[in-house]
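Have a look at the structure below before the remarks.
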Amino acid sequence: MKVLILGGNGMLGPWVVKSLEGRHQLRITDINNLETHHEYRKLDVSNLEGVISAAEGMDAIINLSVLRPHRQIAFDVNTRGNYNLIQAAIRHGIRRIINTGPHFQLAGPNYENFDFDLSPDMPPQPGTRLYALTKALGQETLRVYATRHDIYVQTLLFYNFYDPQTLAPPRGQKRIGTDLTPFSIAWQDAGEAVRCALEMELGKLPSRCETYNVFTDLPHHKFSNAKVRHQLGWQPRYFLEGVWTKPI
């Protein structure tokens, strides 16, 4: 499959590339320079014509681009960027889009502070944070266009990431007191989740717009990962027991 990756030189990008290379033909874009053996284009996702040009000849688009703190640029990247990529998909007849974002573009404070077993199919309540709102608007833009065109959108939601190698304790010892949110997921597992979404047969998706919570297995059940497991066949390989389990 020929795959366009937007924001491929960000935090998640290298892990997604690692999961896909050797299985798919990649065209990587980013606003920053990148040295890679894959095809690369320097691109700002807020540039409509640039995104349309980069998507030519592709079978799928993966959006990993993100901007958090700046009011205007956050809107241009997180919201307008999704508008641009859906326009590119319509122009070139691309049927598969994989979008990524933070959990709170769906589960803002009203959910996160009080609720339990949060489902990716519940009504979105992103709250008032700039990052959450602009990402939520971008996701809604994709949903609206997917209902009117033959395009399938899969949105993967994450909380936080960690590298299991850097958190590995010394042999025979347990690491205690590490400051790590229990909803974190290994970068490698996040990259694999994107691969599972990309390789899912479109005809097996229940609708043209599906959303997934991508979290590791933990006993608190605050966020449900049942859908990404059952629908995409994703299984986490790395777990957090060694971080938060304390000796009695």
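Letters for chains follow the order of the structure tokens (A, B, ...), residue numbers begin at 1 for each chain, and ligand numbers begin at 1 in the order shown.
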Q. Could you pull out all residues of range 12-111 of chain A with a DSSP call of helix (DSSP H, G or I) and give them as a PyMOL selection string?
A. chain A and resi 13-20+48-54+71-92+103-105+109-111
Q: List the neighbours of Leu205 in chain A out to 10 Å using only C-alpha atoms; skip same-chain residues closer than 3 positions along the sequence, and give me the result as a list of chain:residue names.
A: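 So, after excluding close chain neighbours, the residues are A:Tyr152, A:Val153, A:Gln154, A:Met200, A:Glu201, A:Leu202, A:Arg208, A:Cys209, A:Glu210, A:Gln231, A:Leu232.
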(Q) I need the residues in range 115-154 of chain A that are strand (DSSP E or B) according to DSSP; give them as a ChimeraX atom specification. (A) /A:118,125,152-154
Could you save those same residues with N, CA and C atoms as a CSV table (one decimal), in the first residue's frame?
chain,number,residue,atom,x,y,z
A,118,LEU,N,-14.6,4.4,30.1
A,118,LEU,CA,-14.9,5.3,29.1
A,118,LEU,C,-14.7,4.7,27.7
A,125,GLN,N,-16.9,15.3,24.6
A,125,GLN,CA,-16.9,16.5,25.4
A,125,GLN,C,-15.5,16.9,25.7
A,152,TYR,N,-13.1,6.2,4.6
A,152,TYR,CA,-13.1,5.6,5.9
A,152,TYR,C,-12.1,6.3,6.8
A,153,VAL,N,-12.6,6.8,7.9
A,153,VAL,CA,-11.7,7.5,8.9
A,153,VAL,C,-11.6,6.6,10.2
A,154,GLN,N,-10.4,6.4,10.6
A,154,GLN,CA,-10.1,5.7,11.8
A,154,GLN,C,-9.3,6.6,12.7
Q | All residues 12 Å or closer to Val17 in chain A, only C-alpha atoms, same chain fewer than 2 positions away omitted, as a PyMOL selection string | A | chain A and resi 3-15+19-29+36-39+62+64+187-188+190-192+194-195
Q. Nearest to Ile97 in chain A among A:Gln72, A:Asn32, A:Thr79, A:Asn63, with distances taken over only C-alpha atoms: which residue is it?
A.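 Selected residue with least distance to Ile97 in chain A: A:Asn63.
The two atoms in question, CA of Ser53 in chain A and CA of Arg96 in chain A, are spaced 16.9 Å apart.
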**Q.** Surrounding residues of Gln87 in chain A excluding itself and chain neighbours under 6 positions, 9 Å, only C-alpha atoms, as a list of chain:residue names
**A.** A:Leu48, A:Val51, A:Ile52, A:Tyr145
Find the spatial neighbours of Asn78 in chain A, counting only C-alpha atoms, within a cut-off of 7 Å - ignore same-chain residues fewer than 3 positions away - and output them as a short mmCIF file (atom, residue, chain, number, x, y, z; two decimals) with N, CA and C atoms, in the first residue's frame.
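File written: result_39.cif
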data_model
loop_
_atom_site.label_atom_id
_atom_site.label_comp_id
_atom_site.auth_asym_id
_atom_site.auth_seq_id
_atom_site.Cartn_x
_atom_site.Cartn_y
_atom_site.Cartn_z
N VAL A 66 0.70 17.63 14.80
CA VAL A 66 0.09 18.20 15.99
C VAL A 66 0.82 19.49 16.37
N LEU A 67 0.06 20.44 16.88
CA LEU A 67 0.64 21.66 17.46
C LEU A 67 -0.21 22.02 18.68
N ALA A 74 -2.09 26.23 16.23
CA ALA A 74 -2.78 25.03 16.68
C ALA A 74 -4.03 24.78 15.84
N PHE A 75 -4.78 25.83 15.57
CA PHE A 75 -5.96 25.69 14.71
C PHE A 75 -5.55 25.31 13.29
N GLY A 81 -5.53 21.34 9.18
CA GLY A 81 -4.77 20.24 8.62
C GLY A 81 -5.64 19.05 8.26
N ASN A 82 -6.62 18.75 9.11
CA ASN A 82 -7.54 17.65 8.80
C ASN A 82 -8.47 18.00 7.64
N THR A 134 -9.09 22.09 19.34
CA THR A 134 -8.68 22.11 17.93
C THR A 134 -8.57 20.71 17.37
N LYS A 135 -8.13 19.75 18.17
CA LYS A 135 -8.08 18.37 17.70
C LYS A 135 -9.49 17.80 17.54
N GLY A 138 -10.94 19.07 14.36
CA GLY A 138 -10.36 18.35 13.24
C GLY A 138 -10.99 16.99 13.06
#
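Note that CA of Arg148 in chain A and CA of Ile86 in chain A are 11.4 Å apart.
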(Q) Give me, as a PyMOL selection string, all polymer residues having an atom no more than 10 Å from range 160-166 of chain A, counting only C-alpha atoms and skipping those fewer than 5 positions away in the same chain. (A) chain A and resi 11-12+102-103+180-190+215+238-240+242-243
Export of the given selection (C-alpha atoms) as a PDB file, in the first residue's frame:
ATOM      1  CA  MET A  11       7.266  12.187  18.526  1.00  0.00           C
ATOM      2  CA  LEU A  12       5.118   9.304  17.275  1.00  0.00           C
ATOM      3  CA  PRO A 102      -5.152  12.878  22.574  1.00  0.00           C
ATOM      4  CA  HIS A 103      -7.805  11.128  24.613  1.00  0.00           C
ATOM      5  CA  LEU A 180       4.368   8.005  35.044  1.00  0.00           C
ATOM      6  CA  THR A 181       0.655   8.234  34.385  1.00  0.00           C
ATOM      7  CA  PRO A 182      -0.917   4.758  34.618  1.00  0.00           C
ATOM      8  CA  PHE A 183      -2.648   5.366  31.285  1.00  0.00           C
ATOM      9  CA  SER A 184       0.651   5.457  29.382  1.00  0.00           C
ATOM     10  CA  ILE A 185       1.441   3.164  26.458  1.00  0.00           C
ATOM     11  CA  ALA A 186       4.734   2.076  24.948  1.00  0.00           C
ATOM     12  CA  TRP A 187       5.760   3.905  21.776  1.00  0.00           C
ATOM     13  CA  GLN A 188       6.170   0.542  20.059  1.00  0.00           C
ATOM     14  CA  ASP A 189       2.589  -0.476  20.877  1.00  0.00           C
ATOM     15  CA  ALA A 190       1.302   2.869  19.598  1.00  0.00           C
ATOM     16  CA  PHE A 215      -4.293   1.975  26.077  1.00  0.00           C
ATOM     17  CA  TYR A 238       4.449  -3.894  26.902  1.00  0.00           C
ATOM     18  CA  PHE A 239       2.844  -3.400  30.290  1.00  0.00           C
ATOM     19  CA  LEU A 240       3.333  -1.154  33.296  1.00  0.00           C
ATOM     20  CA  GLY A 242       7.050  -3.220  36.729  1.00  0.00           C
ATOM     21  CA  VAL A 243       6.579   0.533  37.198  1.00  0.00           C
TER      22      VAL A 243
END
Q. Of the residues A:Asn84, A:Ser65, A:Asn47, A:Gln235, which is the one nearest to Cys196 in chain A, using only C-alpha atoms?
A.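 Checking each of A:Asn84, A:Ser65, A:Asn47, A:Gln235 against Cys196 in chain A, counting only C-alpha atoms, the winner is A:Gln235.
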Q: Please measure the separation of CA of Ala132 in chain A and CA of Leu106 in chain A, giving the value in Å to one decimal.
A: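 So the answer is 8.0 Å.
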Q.
Would you pick out the contacts of Pro124 in chain A at 10 Å or less, using only C-alpha atoms, so that residues sharing its chain but fewer than 2 positions from it are not included, and give the list as a PyMOL selection string?
A. chain A and resi 104-108+111+120-122+126-127+136+140
